[in-house]
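Below: one structure, written as structure tokens.
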Amino acid sequence: MKIVLASNNPDKVKEVKEILGPLGIEIFSLKDLGIKIEIEEDQPTFEGNARKKARTVFELTGLPTIADDSGLMVEALDGAPGVYSSRYAGEEHNYEKNNQKLLQELKNKPEPHRAKFVCFINYMTETEDEIFIGETSGEILKEPRGTNGFGYDPLFKPDGFDKSYAELPSEIKNKISHRYKALVKFRNYLVEKLKKQNVH
Ligand code: ITT
């Protein structure tokens, strides 16, 4: 089964391929297909942005498409950075600046700094428009730890582990992450759909 991933984030593309490959789903990124497109993420929710990205690319390619809209929600910051996770530090944002901004915002907030990563996957075809959600809870660390992964991984310690996402090997992160949980639901949906098609 071939599916397009509507993402320009190479770190995200790598993880989605690592998670879905062993589950028998082949993913083509925009880069793989030679498509250059910037989709403005102007919706107020993860769900809205995921749908906008998937719909835009589905309309362009006519191929079954998934989009991942994800981010970090910190309790003491009323859910920020949330939908603004990728551009939290403003105009000149990058992963490091976003992490520094997060530490700055949390400086005077009581600990522990509870947080969760959320991932909304939208699957869009001619006849389908499905949303799958994954969440992983944890705490924000006082300083970045580890070099694996991307984004806020060095600052996020998932519950049940004494390491940050960035200290865990990708094989472990990809079995407990918000993205993994949403993508497994997506895979199960496809499996059920195929079963029904085979019965009829
Ligand atoms: P596309 O929209 O092109 O897919 P993006 O990076 O802009 O790429 P999002 O709008 O969904 O994607 O923003 C997700 C941001 O949330 C991402 O840039 C990271 O800052 C953060 N994030 C999401 N998943 C993460 C993860 O597994 N580890 C660390 N940070 C993550």
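Naming works like this for the structure tokens: A, B, ... for the chains as they're shown, residue 1 at the start of each chain, ligands 1 onward in shown order.
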- request: With only C-alpha atoms and all ligand atoms counted, collect every polymer residue having an atom within 7 Å of ligand 1; state the result as a list in words.
  value: Ala6, Ser7, Asn8, Asn9, Lys12, Glu41, Ala67, Asp68, Asp69, Ser70, Gly71, Leu72, Val83, Ser85, Ser86, Tyr95, Phe117, Gly149, Phe150, Gly151, Tyr152, Asp153, Ser177 and Arg179 of chain A
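By only C-alpha atoms, and with residues fewer than 2 positions from Met1 (chain A) along its chain excluded, the set lying at most 7 Å from it is A:Ile3, A:Ile25, A:Glu26.
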Would you write out those residues with N, CA and C atoms, as a PDB file, in the first residue's frame?
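File selection.pdb, as written:
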```
ATOM      1  N   ILE A   3       1.315   5.324   0.261  1.00  0.00           N
ATOM      2  CA  ILE A   3       0.639   6.486   0.815  1.00  0.00           C
ATOM      3  C   ILE A   3       1.602   7.665   0.842  1.00  0.00           C
ATOM      4  N   ILE A  25       3.445  -0.631   5.447  1.00  0.00           N
ATOM      5  CA  ILE A  25       2.894   0.519   4.716  1.00  0.00           C
ATOM      6  C   ILE A  25       4.049   1.371   4.182  1.00  0.00           C
ATOM      7  N   GLU A  26       4.074   1.526   2.857  1.00  0.00           N
ATOM      8  CA  GLU A  26       5.160   2.283   2.227  1.00  0.00           C
ATOM      9  C   GLU A  26       4.774   3.756   2.128  1.00  0.00           C
TER      10      GLU A  26
END
```
Can you pull out the residues contacting Pro10 (chain A)? Cut-off 9 Å, using only C-alpha atoms, and skip same-chain residues under 5 positions away; I want them as an mmCIF file with N, CA, C and O atoms, in the first residue's frame.
```
data_model
loop_
_atom_site.group_PDB
_atom_site.id
_atom_site.type_symbol
_atom_site.label_atom_id
_atom_site.label_comp_id
_atom_site.auth_asym_id
_atom_site.auth_seq_id
_atom_site.Cartn_x
_atom_site.Cartn_y
_atom_site.Cartn_z
ATOM 1 N N GLU A 15 10.721 9.406 11.008
ATOM 2 C CA GLU A 15 10.026 8.635 12.059
ATOM 3 C C GLU A 15 8.798 7.911 11.508
ATOM 4 O O GLU A 15 8.567 6.748 11.832
ATOM 5 N N SER A 29 7.347 10.655 0.779
ATOM 6 C CA SER A 29 7.294 12.039 1.262
ATOM 7 C C SER A 29 7.109 12.969 0.062
ATOM 8 O O SER A 29 7.249 12.553 -1.098
ATOM 9 N N LYS A 31 9.163 15.205 -0.732
ATOM 10 C CA LYS A 31 10.488 15.241 -1.349
ATOM 11 C C LYS A 31 10.672 14.031 -2.274
ATOM 12 O O LYS A 31 11.178 14.175 -3.400
#
```
message: Among chain A, which ones does DSSP assign to strand (DSSP E or B) (computed from the backbone)? Answer as a PyMOL selection string.
response: chain A and resi 2-5+26-29+65-74+81+114-124+129-140+156-158
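For Glu167 (chain A), the non-local neighbours within 9 Å, defined as residues at least 4 positions apart in the same chain or in other chains and counting only C-alpha atoms, are Arg145, Gly146, Thr147, Asn148, Gly149, Asp153, Pro154 and Lys163 of chain A.
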Selection file, all heavy atoms, as a CSV table (one decimal), in the first residue's frame:
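selection15.csv written:
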```csv
chain,number,residue,atom,x,y,z
A,145,ARG,N,18.8,17.1,27.3
A,145,ARG,CA,19.6,15.9,27.5
A,145,ARG,C,19.4,15.0,26.3
A,145,ARG,O,18.3,14.7,25.9
A,145,ARG,CB,19.1,15.1,28.8
A,145,ARG,CG,19.7,15.6,30.0
A,145,ARG,CD,19.1,15.1,31.3
A,145,ARG,NE,18.6,13.8,31.3
A,145,ARG,CZ,17.9,13.2,32.3
A,145,ARG,NH1,17.7,13.9,33.4
A,145,ARG,NH2,17.5,12.0,32.2
A,146,GLY,N,20.6,14.6,25.7
A,146,GLY,CA,20.5,13.6,24.6
A,146,GLY,C,20.5,14.3,23.2
A,146,GLY,O,20.3,15.5,23.1
A,147,THR,N,20.9,13.5,22.2
A,147,THR,CA,21.1,14.0,20.9
A,147,THR,C,20.2,13.3,19.8
A,147,THR,O,20.3,13.6,18.7
A,147,THR,CB,22.5,13.9,20.5
A,147,THR,OG1,23.0,12.6,20.6
A,147,THR,CG2,23.4,14.8,21.3
A,148,ASN,N,19.5,12.3,20.2
A,148,ASN,CA,18.6,11.6,19.3
A,148,ASN,C,17.4,12.4,19.0
A,148,ASN,O,17.1,13.4,19.7
A,148,ASN,CB,18.2,10.2,19.8
A,148,ASN,CG,19.4,9.3,20.0
A,148,ASN,OD1,20.4,9.4,19.3
A,148,ASN,ND2,19.3,8.4,21.0
A,149,GLY,N,16.6,12.0,18.0
A,149,GLY,CA,15.3,12.6,17.7
A,149,GLY,C,15.4,14.0,17.2
A,149,GLY,O,16.4,14.4,16.5
A,153,ASP,N,12.6,16.9,21.9
A,153,ASP,CA,13.0,15.6,22.5
A,153,ASP,C,14.0,15.7,23.6
A,153,ASP,O,13.8,15.0,24.6
A,153,ASP,CB,13.5,14.7,21.4
A,153,ASP,CG,12.4,14.0,20.5
A,153,ASP,OD1,11.3,14.2,20.9
A,153,ASP,OD2,12.8,13.4,19.5
A,154,PRO,N,15.0,16.6,23.5
A,154,PRO,CA,15.9,16.6,24.7
A,154,PRO,C,15.3,17.1,26.0
A,154,PRO,O,15.9,17.0,27.0
A,154,PRO,CB,17.0,17.6,24.2
A,154,PRO,CG,16.8,17.7,22.7
A,154,PRO,CD,15.4,17.5,22.4
A,163,LYS,N,14.9,8.7,31.2
A,163,LYS,CA,15.7,9.3,30.1
A,163,LYS,C,14.8,10.2,29.3
A,163,LYS,O,13.6,10.0,29.3
A,163,LYS,CB,16.3,8.2,29.2
A,163,LYS,CG,17.4,7.4,29.7
A,163,LYS,CD,17.9,6.4,28.7
A,163,LYS,CE,19.2,5.8,28.9
A,163,LYS,NZ,19.6,5.4,30.2
```
- request: Within region 106-169 of chain A, find each residue whose DSSP state, derived from the backbone, is helix (DSSP H, G or I), and express the selection as a PyMOL selection string.
  value: chain A and resi 106+153-155
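The shell of residues at most 9 Å from region 75-79 of chain A, with only C-alpha atoms counted and near chain neighbours (fewer than 6 positions) removed, consists of A:Glu105, A:Leu106, A:Lys109, A:Pro110, A:His113, A:Arg114, A:Ala115, A:Lys116.
Among the candidate residues A:His93, A:Lys2, A:Lys107, A:Lys101, the one lying nearest to Pro64 (chain A) is A:Lys2, with distances computed using only C-alpha atoms.
In this structure, CA of Ala166 (chain A) sits 18.0 Å away from CA of Lys181 (chain A).
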